[in-house]
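Have a look at coords-v7.pdb below; it lists PDB, C-alpha atoms.
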ATOM      1  CA  MET A   1       0.000   0.000   0.000  1.00  0.00           C
ATOM      2  CA  ILE A   2       1.381   3.376  -0.993  1.00  0.00           C
ATOM      3  CA  ALA A   3      -1.241   5.678   0.482  1.00  0.00           C
ATOM      4  CA  GLU A   4      -4.418   5.898   2.519  1.00  0.00           C
ATOM      5  CA  LEU A   5      -7.456   7.790   1.270  1.00  0.00           C
ATOM      6  CA  GLN A   6      -7.751  10.969   3.326  1.00  0.00           C
ATOM      7  CA  CYS A   7     -10.926  12.392   1.799  1.00  0.00           C
ATOM      8  CA  VAL A   8     -12.838  12.862  -1.430  1.00  0.00           C
ATOM      9  CA  VAL A   9     -12.879  16.486  -2.606  1.00  0.00           C
ATOM     10  CA  LEU A  10     -15.657  17.955  -4.730  1.00  0.00           C
ATOM     11  CA  ASP A  11     -15.169  21.248  -6.558  1.00  0.00           C
ATOM     12  CA  CYS A  12     -18.127  23.589  -6.205  1.00  0.00           C
ATOM     13  CA  PRO A  13     -19.105  27.259  -6.045  1.00  0.00           C
ATOM     14  CA  GLU A  14     -20.325  27.201  -2.382  1.00  0.00           C
ATOM     15  CA  PRO A  15     -18.393  24.764  -0.151  1.00  0.00           C
ATOM     16  CA  LEU A  16     -20.400  25.240   3.057  1.00  0.00           C
ATOM     17  CA  ARG A  17     -23.745  24.903   1.260  1.00  0.00           C
ATOM     18  CA  LEU A  18     -22.663  21.661  -0.406  1.00  0.00           C
ATOM     19  CA  ALA A  19     -21.270  20.260   2.866  1.00  0.00           C
ATOM     20  CA  GLU A  20     -24.625  20.975   4.534  1.00  0.00           C
ATOM     21  CA  PHE A  21     -26.484  19.274   1.653  1.00  0.00           C
ATOM     22  CA  TYR A  22     -24.408  16.112   2.077  1.00  0.00           C
ATOM     23  CA  ARG A  23     -24.866  16.244   5.868  1.00  0.00           C
ATOM     24  CA  GLU A  24     -28.615  16.045   5.252  1.00  0.00           C
ATOM     25  CA  VAL A  25     -28.061  13.007   3.011  1.00  0.00           C
ATOM     26  CA  LEU A  26     -25.371  11.151   5.015  1.00  0.00           C
ATOM     27  CA  GLY A  27     -25.427  12.574   8.547  1.00  0.00           C
ATOM     28  CA  GLY A  28     -22.234  13.658  10.239  1.00  0.00           C
ATOM     29  CA  THR A  29     -20.539  16.881  11.231  1.00  0.00           C
ATOM     30  CA  VAL A  30     -19.770  19.844   9.001  1.00  0.00           C
ATOM     31  CA  ASN A  31     -16.402  21.543   9.598  1.00  0.00           C
ATOM     32  CA  ARG A  32     -15.428  19.422  12.591  1.00  0.00           C
ATOM     33  CA  PRO A  33     -12.024  20.550  13.898  1.00  0.00           C
ATOM     34  CA  ASP A  34      -9.357  18.428  12.220  1.00  0.00           C
ATOM     35  CA  PRO A  35      -5.593  19.080  12.198  1.00  0.00           C
ATOM     36  CA  ARG A  36      -5.321  17.964   8.551  1.00  0.00           C
ATOM     37  CA  TRP A  37      -6.855  21.135   7.109  1.00  0.00           C
ATOM     38  CA  THR A  38      -8.298  24.562   7.811  1.00  0.00           C
ATOM     39  CA  VAL A  39     -11.906  25.291   6.962  1.00  0.00           C
ATOM     40  CA  ASP A  40     -12.861  28.697   5.601  1.00  0.00           C
ATOM     41  CA  GLU A  41     -14.947  30.211   2.807  1.00  0.00           C
ATOM     42  CA  HIS A  42     -12.877  28.206   0.293  1.00  0.00           C
ATOM     43  CA  TRP A  43     -12.913  24.795   2.017  1.00  0.00           C
ATOM     44  CA  ALA A  44     -15.507  22.872   4.004  1.00  0.00           C
ATOM     45  CA  THR A  45     -15.576  19.298   5.279  1.00  0.00           C
ATOM     46  CA  LEU A  46     -18.078  16.672   6.291  1.00  0.00           C
ATOM     47  CA  HIS A  47     -17.058  13.877   8.668  1.00  0.00           C
ATOM     48  CA  VAL A  48     -19.664  11.156   8.142  1.00  0.00           C
ATOM     49  CA  PRO A  49     -20.596   8.602  10.824  1.00  0.00           C
ATOM     50  CA  SER A  50     -18.743   5.793   8.989  1.00  0.00           C
ATOM     51  CA  GLY A  51     -15.469   7.704   9.452  1.00  0.00           C
ATOM     52  CA  GLN A  52     -15.110   8.894   5.880  1.00  0.00           C
ATOM     53  CA  VAL A  53     -14.545  12.544   5.042  1.00  0.00           C
ATOM     54  CA  LEU A  54     -15.912  14.513   2.139  1.00  0.00           C
ATOM     55  CA  ALA A  55     -14.341  17.889   1.430  1.00  0.00           C
ATOM     56  CA  PHE A  56     -15.677  20.730  -0.676  1.00  0.00           C
ATOM     57  CA  GLN A  57     -13.411  23.217  -2.448  1.00  0.00           C
ATOM     58  CA  ARG A  58     -14.509  26.571  -3.875  1.00  0.00           C
ATOM     59  CA  VAL A  59     -13.803  26.937  -7.584  1.00  0.00           C
ATOM     60  CA  ALA A  60     -14.654  30.375  -8.943  1.00  0.00           C
ATOM     61  CA  GLU A  61     -15.386  29.211 -12.483  1.00  0.00           C
ATOM     62  CA  HIS A  62     -16.996  25.898 -11.516  1.00  0.00           C
ATOM     63  CA  ARG A  63     -18.628  24.206 -14.507  1.00  0.00           C
ATOM     64  CA  PRO A  64     -20.823  21.360 -13.282  1.00  0.00           C
ATOM     65  CA  PRO A  65     -21.054  18.158 -15.281  1.00  0.00           C
ATOM     66  CA  ARG A  66     -24.134  17.657 -17.435  1.00  0.00           C
ATOM     67  CA  TRP A  67     -25.082  14.032 -17.115  1.00  0.00           C
ATOM     68  CA  PRO A  68     -25.166  12.228 -19.512  1.00  0.00           C
ATOM     69  CA  ASP A  69     -23.660  14.841 -21.900  1.00  0.00           C
ATOM     70  CA  PRO A  70     -20.183  13.636 -22.980  1.00  0.00           C
ATOM     71  CA  ALA A  71     -19.142  17.248 -23.676  1.00  0.00           C
ATOM     72  CA  ARG A  72     -19.291  17.880 -19.890  1.00  0.00           C
ATOM     73  CA  PRO A  73     -18.870  14.397 -18.370  1.00  0.00           C
ATOM     74  CA  GLN A  74     -19.528  13.534 -14.753  1.00  0.00           C
ATOM     75  CA  GLN A  75     -15.871  12.497 -14.147  1.00  0.00           C
ATOM     76  CA  PHE A  76     -16.935  10.580 -11.035  1.00  0.00           C
ATOM     77  CA  HIS A  77     -20.031  10.114  -8.935  1.00  0.00           C
ATOM     78  CA  LEU A  78     -21.036   8.897  -5.506  1.00  0.00           C
ATOM     79  CA  ASP A  79     -23.383   5.968  -4.815  1.00  0.00           C
ATOM     80  CA  PHE A  80     -25.423   5.898  -1.607  1.00  0.00           C
ATOM     81  CA  ALA A  81     -27.187   2.742  -0.410  1.00  0.00           C
ATOM     82  CA  VAL A  82     -30.750   3.261   0.843  1.00  0.00           C
ATOM     83  CA  PRO A  83     -33.425   0.845   2.087  1.00  0.00           C
ATOM     84  CA  ASP A  84     -36.338   2.656   0.363  1.00  0.00           C
ATOM     85  CA  LEU A  85     -35.723   4.477  -2.928  1.00  0.00           C
ATOM     86  CA  ASP A  86     -39.006   6.383  -2.913  1.00  0.00           C
ATOM     87  CA  ARG A  87     -38.544   7.689   0.625  1.00  0.00           C
ATOM     88  CA  ALA A  88     -34.890   8.565   0.028  1.00  0.00           C
ATOM     89  CA  GLN A  89     -35.846  10.381  -3.172  1.00  0.00           C
ATOM     90  CA  GLU A  90     -38.339  12.537  -1.285  1.00  0.00           C
ATOM     91  CA  GLN A  91     -35.669  13.374   1.268  1.00  0.00           C
ATOM     92  CA  VAL A  92     -32.848  14.283  -1.137  1.00  0.00           C
ATOM     93  CA  LEU A  93     -35.175  16.394  -3.290  1.00  0.00           C
ATOM     94  CA  ALA A  94     -36.347  18.216  -0.145  1.00  0.00           C
ATOM     95  CA  VAL A  95     -32.779  19.216   0.749  1.00  0.00           C
ATOM     96  CA  GLY A  96     -31.843  20.466  -2.717  1.00  0.00           C
ATOM     97  CA  ALA A  97     -31.070  17.563  -5.062  1.00  0.00           C
ATOM     98  CA  THR A  98     -32.329  17.487  -8.645  1.00  0.00           C
ATOM     99  CA  LEU A  99     -33.636  14.300 -10.218  1.00  0.00           C
ATOM    100  CA  LEU A 100     -31.676  13.460 -13.394  1.00  0.00           C
ATOM    101  CA  ASP A 101     -32.926   9.945 -14.188  1.00  0.00           C
ATOM    102  CA  ALA A 102     -35.801   8.250 -12.397  1.00  0.00           C
ATOM    103  CA  ARG A 103     -35.364   5.084 -14.494  1.00  0.00           C
ATOM    104  CA  THR A 104     -39.149   5.117 -14.940  1.00  0.00           C
ATOM    105  CA  GLY A 105     -40.324   1.689 -15.947  1.00  0.00           C
ATOM    106  CA  ALA A 106     -36.881   0.131 -15.501  1.00  0.00           C
ATOM    107  CA  VAL A 107     -36.796  -3.421 -14.208  1.00  0.00           C
ATOM    108  CA  PRO A 108     -35.426  -3.755 -11.653  1.00  0.00           C
ATOM    109  CA  ASP A 109     -35.870  -0.276 -10.218  1.00  0.00           C
ATOM    110  CA  ASP A 110     -32.782  -0.479  -8.038  1.00  0.00           C
ATOM    111  CA  TRP A 111     -31.057   2.880  -8.608  1.00  0.00           C
ATOM    112  CA  ARG A 112     -31.796   6.497  -9.571  1.00  0.00           C
ATOM    113  CA  VAL A 113     -29.556   9.408 -10.605  1.00  0.00           C
ATOM    114  CA  TYR A 114     -29.609  12.887  -9.031  1.00  0.00           C
ATOM    115  CA  ALA A 115     -27.470  16.023  -9.003  1.00  0.00           C
ATOM    116  CA  ASP A 116     -26.369  17.781  -5.836  1.00  0.00           C
ATOM    117  CA  PRO A 117     -26.844  21.584  -5.623  1.00  0.00           C
ATOM    118  CA  ALA A 118     -23.485  22.123  -7.404  1.00  0.00           C
ATOM    119  CA  GLY A 119     -24.425  19.747 -10.247  1.00  0.00           C
ATOM    120  CA  HIS A 120     -22.395  16.659  -9.276  1.00  0.00           C
ATOM    121  CA  PRO A 121     -24.254  13.443 -10.154  1.00  0.00           C
ATOM    122  CA  PHE A 122     -24.920  10.881  -7.433  1.00  0.00           C
ATOM    123  CA  CYS A 123     -27.011   7.734  -7.274  1.00  0.00           C
ATOM    124  CA  LEU A 124     -29.342   6.309  -4.705  1.00  0.00           C
ATOM    125  CA  VAL A 125     -29.030   2.526  -4.849  1.00  0.00           C
ATOM    126  CA  ARG A 126     -31.458   0.096  -3.237  1.00  0.00           C
ATOM    127  CA  GLU A 127     -29.765  -1.879  -0.431  1.00  0.00           C
ATOM    128  CA  GLY A 128     -29.457  -5.603  -0.836  1.00  0.00           C
TER     129      GLY A 128
END

If you took the structure in this file and wrote it as structure tokens, what would it be?
Amino acid sequence: MIAELQCVVLDCPEPLRLAEFYREVLGGTVNRPDPRWTVDEHWATLHVPSGQVLAFQRVAEHRPPRWPDPARPQQFHLDFAVPDLDRAQEQVLAVGATLLDARTGAVPDDWRVYADPAGHPFCLVREG
């Protein structure tokens, strides 16, 4: 092993707003004191209950991906396991997500695609 994953960093226009969005989705603590970095208007963090850390970095000219447009590809996305897709969809939409692909009529209906408030795609995936 060469390295250990410290955190996943998402570029965005408003770091604190995006950290708070993901706190609503995943739980955890926004901007918990951590000697590895300093939080400010350019950098926010979310320590999730599982121990992972997401970080959010301000980019002045942020250009969000446009899923599934190959001219502005997603580059990466996050998958979140949920027990009830319909309930989880209601919750993420209520805190600021945008539905990108409901997979209407898909069999099985085991995942759906959304964008966070900064435009990054993420999926809700049915547990099990």

So which residues touch Gln57 (chain A) within 9 Å, counting all atoms listed in the file, skipping near sequence neighbours fewer than 3 positions away, as an mmCIF file with C-alpha atoms, in the frame of the given file?
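Below you can see out-v3.cif, which holds the result:
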data_model
loop_
_atom_site.group_PDB
_atom_site.id
_atom_site.type_symbol
_atom_site.label_atom_id
_atom_site.label_comp_id
_atom_site.auth_asym_id
_atom_site.auth_seq_id
_atom_site.Cartn_x
_atom_site.Cartn_y
_atom_site.Cartn_z
ATOM 1 C CA VAL A 9 -12.879 16.486 -2.606
ATOM 2 C CA LEU A 10 -15.657 17.955 -4.730
ATOM 3 C CA ASP A 11 -15.169 21.248 -6.558
ATOM 4 C CA CYS A 12 -18.127 23.589 -6.205
ATOM 5 C CA PRO A 13 -19.105 27.259 -6.045
ATOM 6 C CA GLU A 14 -20.325 27.201 -2.382
ATOM 7 C CA PRO A 15 -18.393 24.764 -0.151
ATOM 8 C CA GLU A 41 -14.947 30.211 2.807
ATOM 9 C CA HIS A 42 -12.877 28.206 0.293
ATOM 10 C CA TRP A 43 -12.913 24.795 2.017
ATOM 11 C CA ALA A 44 -15.507 22.872 4.004
ATOM 12 C CA THR A 45 -15.576 19.298 5.279
#

Fill in: Selection dump of the PyMOL selection byres ((chain A and resi 24-36) around 10), as a PyMOL selection string
chain A and resi 6+16+18-23+37-40+43-55+80+88+91-92+94-97

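One distance worth recording is that between CA of Val113 (chain A) and CA of Glu90 (chain A), which is 13.2 Å.
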
Worksheet item: Do you know which residues the PyMOL selection byres ((chain A and resi 124) around 12) returns on this file, as a ChimeraX atom specification?
Response: /A:25-26,77-93,97,99-103,109-116,121-123,125-127

Worksheet item: So what do you get for CA of Gln74 (chain A) versus CA of Leu5 (chain A), distance-wise?
Response: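 Here the two named atoms are 20.9 Å from each other.
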
Discussion item. Would you compute the distance between CA of Ala118 (chain A) and CA of His62 (chain A)? Give it in Å to one decimal.
Written reply: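 Computing it gives 8.6 Å between the two atoms.
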
Missing atoms in region 13-35 of chain A: fill them in up to N, CA and C atoms and send the result as an mmCIF file, keeping the file's coordinate frame.
data_model
loop_
_atom_site.group_PDB
_atom_site.id
_atom_site.type_symbol
_atom_site.label_atom_id
_atom_site.label_comp_id
_atom_site.auth_asym_id
_atom_site.auth_seq_id
_atom_site.Cartn_x
_atom_site.Cartn_y
_atom_site.Cartn_z
ATOM 1 N N PRO A 13 -19.133 25.813 -6.255
ATOM 2 C CA PRO A 13 -19.105 27.259 -6.045
ATOM 3 C C PRO A 13 -19.313 27.684 -4.586
ATOM 4 N N GLU A 14 -20.006 26.843 -3.770
ATOM 5 C CA GLU A 14 -20.325 27.201 -2.382
ATOM 6 C C GLU A 14 -20.020 26.025 -1.460
ATOM 7 N N PRO A 15 -18.790 25.926 -0.948
ATOM 8 C CA PRO A 15 -18.393 24.764 -0.151
ATOM 9 C C PRO A 15 -19.278 24.482 1.063
ATOM 10 N N LEU A 16 -19.597 25.479 1.852
ATOM 11 C CA LEU A 16 -20.400 25.240 3.057
ATOM 12 C C LEU A 16 -21.799 24.744 2.689
ATOM 13 N N ARG A 17 -22.400 25.333 1.682
ATOM 14 C CA ARG A 17 -23.745 24.903 1.260
ATOM 15 C C ARG A 17 -23.734 23.447 0.815
ATOM 16 N N LEU A 18 -22.708 23.036 0.066
ATOM 17 C CA LEU A 18 -22.663 21.661 -0.406
ATOM 18 C C LEU A 18 -22.372 20.695 0.743
ATOM 19 N N ALA A 19 -21.524 21.099 1.682
ATOM 20 C CA ALA A 19 -21.270 20.260 2.866
ATOM 21 C C ALA A 19 -22.563 20.048 3.652
ATOM 22 N N GLU A 20 -23.355 21.090 3.801
ATOM 23 C CA GLU A 20 -24.625 20.975 4.534
ATOM 24 C C GLU A 20 -25.619 20.088 3.777
ATOM 25 N N PHE A 21 -25.629 20.161 2.448
ATOM 26 C CA PHE A 21 -26.484 19.274 1.653
ATOM 27 C C PHE A 21 -26.116 17.824 1.940
ATOM 28 N N TYR A 22 -24.823 17.494 1.856
ATOM 29 C CA TYR A 22 -24.408 16.112 2.077
ATOM 30 C C TYR A 22 -24.586 15.671 3.528
ATOM 31 N N ARG A 23 -24.552 16.601 4.478
ATOM 32 C CA ARG A 23 -24.866 16.244 5.868
ATOM 33 C C ARG A 23 -26.322 15.789 5.964
ATOM 34 N N GLU A 24 -27.213 16.452 5.259
ATOM 35 C CA GLU A 24 -28.615 16.045 5.252
ATOM 36 C C GLU A 24 -28.777 14.645 4.663
ATOM 37 N N VAL A 25 -27.977 14.314 3.665
ATOM 38 C CA VAL A 25 -28.061 13.007 3.011
ATOM 39 C C VAL A 25 -27.404 11.916 3.843
ATOM 40 N N LEU A 26 -26.202 12.186 4.390
ATOM 41 C CA LEU A 26 -25.371 11.151 5.015
ATOM 42 C C LEU A 26 -25.255 11.241 6.535
ATOM 43 N N GLY A 27 -25.678 12.360 7.127
ATOM 44 C CA GLY A 27 -25.427 12.574 8.547
ATOM 45 C C GLY A 27 -24.004 13.074 8.730
ATOM 46 N N GLY A 28 -23.606 13.258 9.963
ATOM 47 C CA GLY A 28 -22.234 13.658 10.239
ATOM 48 C C GLY A 28 -22.111 15.085 10.721
ATOM 49 N N THR A 29 -20.870 15.564 10.690
ATOM 50 C CA THR A 29 -20.539 16.881 11.231
ATOM 51 C C THR A 29 -19.841 17.724 10.182
ATOM 52 N N VAL A 30 -20.377 18.896 9.935
ATOM 53 C CA VAL A 30 -19.770 19.844 9.001
ATOM 54 C C VAL A 30 -18.692 20.630 9.737
ATOM 55 N N ASN A 31 -17.531 20.735 9.110
ATOM 56 C CA ASN A 31 -16.402 21.543 9.598
ATOM 57 C C ASN A 31 -15.965 21.189 11.011
ATOM 58 N N ARG A 32 -15.957 19.887 11.312
ATOM 59 C CA ARG A 32 -15.428 19.422 12.591
ATOM 60 C C ARG A 32 -13.937 19.766 12.659
ATOM 61 N N PRO A 33 -13.454 20.261 13.785
ATOM 62 C CA PRO A 33 -12.024 20.550 13.898
ATOM 63 C C PRO A 33 -11.185 19.318 13.545
ATOM 64 N N ASP A 34 -10.199 19.514 12.698
ATOM 65 C CA ASP A 34 -9.357 18.428 12.220
ATOM 66 C C ASP A 34 -7.992 19.024 11.882
ATOM 67 N N PRO A 35 -6.908 18.495 12.435
ATOM 68 C CA PRO A 35 -5.593 19.080 12.198
ATOM 69 C C PRO A 35 -5.097 18.945 10.754
#
